[in-house]
Number of protein chains: 2
Amino acid sequence: MHRPLPIRLAPALATEPCASCGAREHSVCSAIEDHDLARLAAVAVMRDIRKGDTFIEEGTPATDFFNITRGTVKLFKLLPDGRQQVTGFAGMGHFLGLAVSDTYAFSAEAIEPVQLCRFSRPKLRAVLHDFPALEERLLETACNELVAAQEQMLLLGRKTARERVATFLVAQCHAVLPCGPAEHVPLPMTRSEIADYLGLTIETVSRTLSRFKADKRIATPSNSEVVILDRAWLDDMAAGHAETPCT
Amino acid sequence: MHRPLPIRLAPALATEPCASCGAREHSVCSAIEDHDLARLAAVAVMRDIRKGDTFIEEGTPATDFFNITRGTVKLFKLLPDGRQQVTGFAGMGHFLGLAVSDTYAFSAEAIEPVQLCRFSRPKLRAVLHDFPALEERLLETACNELVAAQEQMLLLGRKTARERVATFLVAQCHAVLPCGPAEHVPLPMTRSEIADYLGLTIETVSRTLSRFKADKRIATPSNSEVVILDRAWLDDMAAGHAETPCT
DNA sequence: CGCACACTTGAACCCCCTCAACCCAAGTGG
DNA sequence: CCACTTGGGTTGAGGGGGTTCAAGTGTGCG
């Protein structure tokens, strides 16, 4: 409800939504120069999504692209009996909807209050056609996600539970956007979401974190934050090096 | 050593390698019109890869792009202790090397005799700049791979061994390029490669196939081919529907 | 205060892995 | 021609990492 910069949102200036967007520097939008921002702003619609709301549903017609400007969403797929695989978490600056098919290949749900830009697909396609630099950035983004997806396949197919959790903590640590990797790692997602992301159960995630804590590798000031105590050890564990038999 | 079509490779006609390429219609190359093929052919180098040869090594400088024109390659990542995850199999028409970073994010090995086109990255980038249609096709390709990768994450994270093998068989069945889905499915890869693709062990793959065979869901005329006998059941199993308690 | 929800912890189980033996087809060389 | 080797595949027995089931412990919020 509280807008930090209400005065600067002059309705007459159409480029404002994009020009003043804090996510721009973290996003594909930065491929468009200031003087061309109006084209982008014209097809963008700002939206607030409540925590828990699913704004992309797998299998439904893919009508829009999205760009997260605040908050975190989880991307996931479901099996008919309810088994869930979280394919990734998307934060500020993340571009969503890159699917060629005419239906979404995954669902997306806000795990905390989210603000995003919505672009209708045909309109954004037109913009893309005029700004090859933006299309190039999209290709770049897609490649990065592909690399991340391959890394995740390695995790899901071949890593042990402890290696998975260590990998997750290290990755979350690097995902803190503005500053560099900090020892203090926020976990906006629940244990259940972490479990569905790592291909484990809630209990295994909880037990593994407890184990790390007992071994003084991490500390848990609260349920939604972790402090890295032994970064080198976590890095080794994440990389899949044979763990020292320190029970 | 043996060239099948030595006579048609007239050195004076530079477009020949591409114009006569059987893989063109299955590949991103089809985005380039006939009269522009010379530009592409000029930067392409044909290569034969022997079975078992690794022509992309994870972590080495990414100097080239590749396009498979014949045979099958496996794409994989390794952990330091040798654990392997196959992230995919690439056949005729498949484009390789889509990584933004300056080093390859995965390795690639020919699992049967392979013929491919090699493009140096800077040269192909120049061609891309002149043919936005080709870049668009690349983005499309990347999106499709992303969707496949997400599907594979669901498999690796949440499916049972039988569901994984069923999914693999059904997918292989659809992967037969020229004709539509046939009941006769070739398996160019070994059990070990299937296992590393599905996040299982050789033994589990073998046992599961034996089980399918005993249940008359498939037949195995040889080690490298499978015949689908009960497609509907396999589809159900692959989709993750609760299996009938038929032992 | 008390309900709901997320998380933790314990005990038993099970699916898949590990280890091992064996089969089989294709070379290979004497 | 046959003994031997080699590599991929199958099958069996046993064990373990993670799941399942269940109970208990916070903890935020009306």
# chains A, B, ... in the order shown; residues from 1 in each chain; ligands from 1
>>> closest_atom_pairs(of="chain A", to="chain D", cutoff="8 Å", atoms="only C-alpha atoms (C1' of nucleotides)", output="JSON lines")
{"residue": "A:Leu200", "atom": "CA", "partner": "D:DG18", "partner_atom": "C1'", "distance": 7.9}
{"residue": "A:Thr201", "atom": "CA", "partner": "D:DT19", "partner_atom": "C1'", "distance": 7.4}
{"residue": "A:Thr204", "atom": "CA", "partner": "D:DG18", "partner_atom": "C1'", "distance": 7.1}
>>> write_last_selection(atoms="N, CA and C atoms", output="mmCIF file, in the first residue's frame")
data_model
loop_
_atom_site.group_PDB
_atom_site.id
_atom_site.type_symbol
_atom_site.label_atom_id
_atom_site.label_comp_id
_atom_site.auth_asym_id
_atom_site.auth_seq_id
_atom_site.Cartn_x
_atom_site.Cartn_y
_atom_site.Cartn_z
ATOM 1 N N LEU A 200 13.167 -33.368 -2.780
ATOM 2 C CA LEU A 200 13.236 -34.069 -1.491
ATOM 3 C C LEU A 200 11.899 -33.902 -0.779
ATOM 4 N N THR A 201 11.833 -34.330 0.476
ATOM 5 C CA THR A 201 10.642 -34.099 1.288
ATOM 6 C C THR A 201 10.940 -33.007 2.312
ATOM 7 N N THR A 204 13.246 -34.271 5.089
ATOM 8 C CA THR A 204 14.675 -34.404 4.763
ATOM 9 C C THR A 204 15.355 -33.043 4.746
#
>>> interface_residues(of="chain C", to="chain A", cutoff="10 Å", atoms="only C-alpha atoms (C1' of nucleotides)", output="CSV table (one decimal) with C-alpha atoms (C1' of nucleotides), in the first residue's frame")
chain,number,residue,atom,x,y,z
C,6,DA,C1',5.1,-24.2,9.7
C,7,DC,C1',8.7,-26.6,11.3
C,8,DT,C1',11.2,-30.3,13.9
C,9,DT,C1',12.1,-34.9,15.5
>>> atom_distance(atom1="CA of Phe65 in chain A", atom2="CA of Leu155 in chain A")
28.4 Å
>>> atom_distance(atom1="CA of Pro113 in chain B", atom2="CA of Leu187 in chain B")
14.4 Å
>>> calpha_fit_rmsd(fixed="chain B", moving="chain A")
0.6 Å
>>> interface_residues(of="chain A", to="chain B", cutoff="9 Å", atoms="only C-alpha atoms", output="short mmCIF file (atom, residue, chain, number, x, y, z; two decimals) with N, CA and C atoms, in the first residue's frame")
data_model
loop_
_atom_site.label_atom_id
_atom_site.label_comp_id
_atom_site.auth_asym_id
_atom_site.auth_seq_id
_atom_site.Cartn_x
_atom_site.Cartn_y
_atom_site.Cartn_z
N PHE A 76 6.64 -23.82 -11.16
CA PHE A 76 6.52 -25.25 -10.85
C PHE A 76 5.67 -25.99 -11.85
N LYS A 77 5.83 -27.29 -11.81
CA LYS A 77 5.01 -28.21 -12.61
C LYS A 77 4.38 -29.23 -11.68
N LEU A 78 3.23 -29.75 -12.06
CA LEU A 78 2.50 -30.69 -11.22
C LEU A 78 2.28 -32.01 -11.94
N LEU A 79 2.24 -33.09 -11.18
CA LEU A 79 1.76 -34.36 -11.69
C LEU A 79 0.32 -34.52 -11.27
N PRO A 80 -0.43 -35.36 -11.98
CA PRO A 80 -1.88 -35.47 -11.72
C PRO A 80 -2.22 -35.78 -10.26
N ASP A 81 -1.34 -36.52 -9.56
CA ASP A 81 -1.65 -36.87 -8.18
C ASP A 81 -1.15 -35.83 -7.18
N ARG A 83 1.98 -34.43 -6.92
CA ARG A 83 3.42 -34.26 -6.77
C ARG A 83 3.85 -33.00 -7.50
N GLN A 84 4.70 -32.23 -6.85
CA GLN A 84 5.07 -30.93 -7.40
C GLN A 84 6.59 -30.82 -7.56
N GLN A 85 7.01 -30.27 -8.69
CA GLN A 85 8.43 -29.96 -8.87
C GLN A 85 8.57 -28.47 -9.11
N VAL A 86 9.25 -27.80 -8.21
CA VAL A 86 9.55 -26.39 -8.41
C VAL A 86 10.75 -26.30 -9.33
N THR A 87 10.59 -25.66 -10.49
CA THR A 87 11.68 -25.60 -11.46
C THR A 87 12.58 -24.39 -11.22
N LEU A 98 8.72 -17.24 -21.42
CA LEU A 98 9.47 -17.66 -22.60
C LEU A 98 9.08 -19.07 -23.01
N ALA A 99 7.92 -19.19 -23.64
CA ALA A 99 7.53 -20.49 -24.17
C ALA A 99 7.01 -20.26 -25.57
N VAL A 100 7.46 -21.06 -26.50
CA VAL A 100 7.05 -20.86 -27.89
C VAL A 100 5.62 -21.32 -28.08
N SER A 101 5.31 -22.39 -27.39
CA SER A 101 3.98 -22.97 -27.55
C SER A 101 2.91 -21.97 -27.17
N ALA A 105 4.01 -23.71 -20.09
CA ALA A 105 4.56 -25.02 -19.79
C ALA A 105 4.74 -25.21 -18.29
N PHE A 106 4.44 -24.18 -17.51
CA PHE A 106 4.63 -24.24 -16.06
C PHE A 106 3.66 -23.29 -15.38
N PRO A 132 16.02 -5.23 -31.92
CA PRO A 132 16.76 -6.49 -31.93
C PRO A 132 17.66 -6.63 -30.71
N GLU A 135 15.73 -8.47 -28.23
CA GLU A 135 15.61 -9.88 -28.56
C GLU A 135 16.91 -10.62 -28.23
N GLU A 136 18.02 -9.94 -28.50
CA GLU A 136 19.31 -10.52 -28.18
C GLU A 136 19.43 -10.78 -26.69
N LEU A 138 17.02 -11.31 -24.68
CA LEU A 138 16.13 -12.41 -24.35
C LEU A 138 16.81 -13.74 -24.62
N LEU A 139 17.50 -13.82 -25.77
CA LEU A 139 18.21 -15.05 -26.11
C LEU A 139 19.28 -15.33 -25.06
N GLU A 140 19.96 -14.29 -24.67
CA GLU A 140 20.98 -14.41 -23.62
C GLU A 140 20.36 -14.95 -22.33
N THR A 141 19.22 -14.34 -21.96
CA THR A 141 18.52 -14.78 -20.76
C THR A 141 18.14 -16.25 -20.85
N ALA A 142 17.59 -16.62 -22.00
CA ALA A 142 17.15 -18.01 -22.19
C ALA A 142 18.34 -18.96 -22.04
N CYS A 143 19.49 -18.57 -22.59
CA CYS A 143 20.69 -19.41 -22.48
C CYS A 143 21.11 -19.57 -21.04
N ASN A 144 21.07 -18.48 -20.30
CA ASN A 144 21.44 -18.55 -18.89
C ASN A 144 20.52 -19.49 -18.13
N GLU A 145 19.23 -19.42 -18.44
CA GLU A 145 18.28 -20.29 -17.75
C GLU A 145 18.52 -21.74 -18.13
N LEU A 146 18.93 -21.94 -19.39
CA LEU A 146 19.22 -23.28 -19.85
C LEU A 146 20.39 -23.86 -19.07
N VAL A 147 21.41 -23.07 -18.88
CA VAL A 147 22.57 -23.51 -18.11
C VAL A 147 22.15 -23.83 -16.68
N ALA A 149 19.22 -24.71 -15.70
CA ALA A 149 18.37 -25.90 -15.74
C ALA A 149 19.24 -27.16 -15.80
N GLN A 150 20.30 -27.12 -16.58
CA GLN A 150 21.19 -28.27 -16.67
C GLN A 150 21.87 -28.53 -15.33
N GLU A 151 22.26 -27.46 -14.68
CA GLU A 151 22.87 -27.60 -13.35
C GLU A 151 21.87 -28.25 -12.39
N GLN A 152 20.61 -27.84 -12.51
CA GLN A 152 19.58 -28.40 -11.63
C GLN A 152 19.31 -29.87 -11.94
N MET A 153 19.42 -30.24 -13.22
CA MET A 153 19.26 -31.66 -13.57
C MET A 153 20.36 -32.49 -12.92
N LEU A 154 21.58 -31.95 -12.93
CA LEU A 154 22.68 -32.65 -12.27
C LEU A 154 22.36 -32.84 -10.79
N LEU A 155 21.83 -31.79 -10.18
CA LEU A 155 21.47 -31.86 -8.77
C LEU A 155 20.40 -32.92 -8.52
N LEU A 156 19.32 -32.86 -9.31
CA LEU A 156 18.18 -33.74 -9.08
C LEU A 156 18.51 -35.19 -9.41
N GLY A 157 19.39 -35.38 -10.40
CA GLY A 157 19.65 -36.75 -10.84
C GLY A 157 20.76 -37.43 -10.09
N ARG A 158 21.74 -36.68 -9.59
CA ARG A 158 22.95 -37.32 -9.10
C ARG A 158 23.45 -36.87 -7.74
N LYS A 159 22.90 -35.80 -7.17
CA LYS A 159 23.44 -35.34 -5.89
C LYS A 159 22.68 -35.93 -4.71
N ASP A 196 10.34 -29.20 -2.65
CA ASP A 196 9.84 -29.43 -4.01
C ASP A 196 10.83 -28.93 -5.05
N TYR A 197 11.68 -28.00 -4.66
CA TYR A 197 12.71 -27.50 -5.58
C TYR A 197 13.86 -28.50 -5.68
N LEU A 198 14.19 -29.13 -4.57
CA LEU A 198 15.37 -30.00 -4.52
C LEU A 198 15.03 -31.47 -4.75
N GLY A 199 13.76 -31.77 -4.98
CA GLY A 199 13.39 -33.17 -5.20
C GLY A 199 13.48 -33.98 -3.93
N LEU A 200 13.17 -33.37 -2.78
CA LEU A 200 13.24 -34.07 -1.49
C LEU A 200 11.90 -33.90 -0.78
N ALA A 239 29.66 -28.77 -4.44
CA ALA A 239 30.35 -29.17 -5.67
C ALA A 239 30.39 -30.69 -5.83
N GLY A 240 30.01 -31.40 -4.76
CA GLY A 240 29.96 -32.86 -4.85
C GLY A 240 31.25 -33.55 -4.47
N HIS A 241 32.14 -32.83 -3.82
CA HIS A 241 33.36 -33.49 -3.35
C HIS A 241 33.01 -34.48 -2.25
N ALA A 242 33.70 -35.62 -2.28
CA ALA A 242 33.46 -36.63 -1.25
C ALA A 242 33.58 -35.98 0.11
#
>>> select_by_dssp(residues="range 41-155 of chain B", states="alpha helix (DSSP H)", output="PyMOL selection string")
chain B and resi 41-43+121-130+132-155
>>> write_last_selection(atoms="C-alpha atoms", output="compact mmCIF listing (two decimals), in the first residue's frame")
# COMPACT_ATOMS: atom_id res chain seq x y z
CA ALA B 41 28.13 -22.15 -45.85
CA ALA B 42 31.14 -19.82 -45.79
CA VAL B 43 31.47 -20.09 -42.01
CA ARG B 121 31.40 -18.24 -32.54
CA PRO B 122 32.50 -14.80 -33.78
CA LYS B 123 31.80 -15.72 -37.41
CA LEU B 124 28.36 -17.11 -36.67
CA ARG B 125 27.58 -14.08 -34.52
CA ALA B 126 28.26 -11.90 -37.55
CA VAL B 127 25.87 -14.00 -39.64
CA LEU B 128 23.29 -13.82 -36.86
CA HIS B 129 23.52 -10.06 -36.93
CA ASP B 130 22.65 -10.02 -40.63
CA PRO B 132 17.48 -11.70 -37.50
CA ALA B 133 15.25 -14.53 -38.66
CA LEU B 134 17.98 -16.95 -37.71
CA GLU B 135 18.38 -15.35 -34.31
CA GLU B 136 14.65 -15.62 -33.84
CA ARG B 137 14.83 -19.32 -34.64
CA LEU B 138 17.61 -19.71 -32.11
CA LEU B 139 15.49 -18.07 -29.44
CA GLU B 140 12.66 -20.39 -30.36
CA THR B 141 15.00 -23.37 -30.09
CA ALA B 142 16.30 -22.22 -26.73
CA CYS B 143 12.73 -21.89 -25.44
CA ASN B 144 11.88 -25.38 -26.58
CA GLU B 145 14.93 -26.77 -24.81
CA LEU B 146 13.95 -24.84 -21.72
CA VAL B 147 10.53 -26.47 -21.73
CA ALA B 148 12.14 -29.88 -22.20
CA ALA B 149 14.55 -29.15 -19.36
CA GLN B 150 11.68 -28.29 -17.03
CA GLU B 151 9.93 -31.50 -17.99
CA GLN B 152 13.12 -33.39 -17.20
CA MET B 153 13.38 -31.68 -13.81
CA LEU B 154 9.89 -32.93 -13.02
CA LEU B 155 11.00 -36.41 -14.00
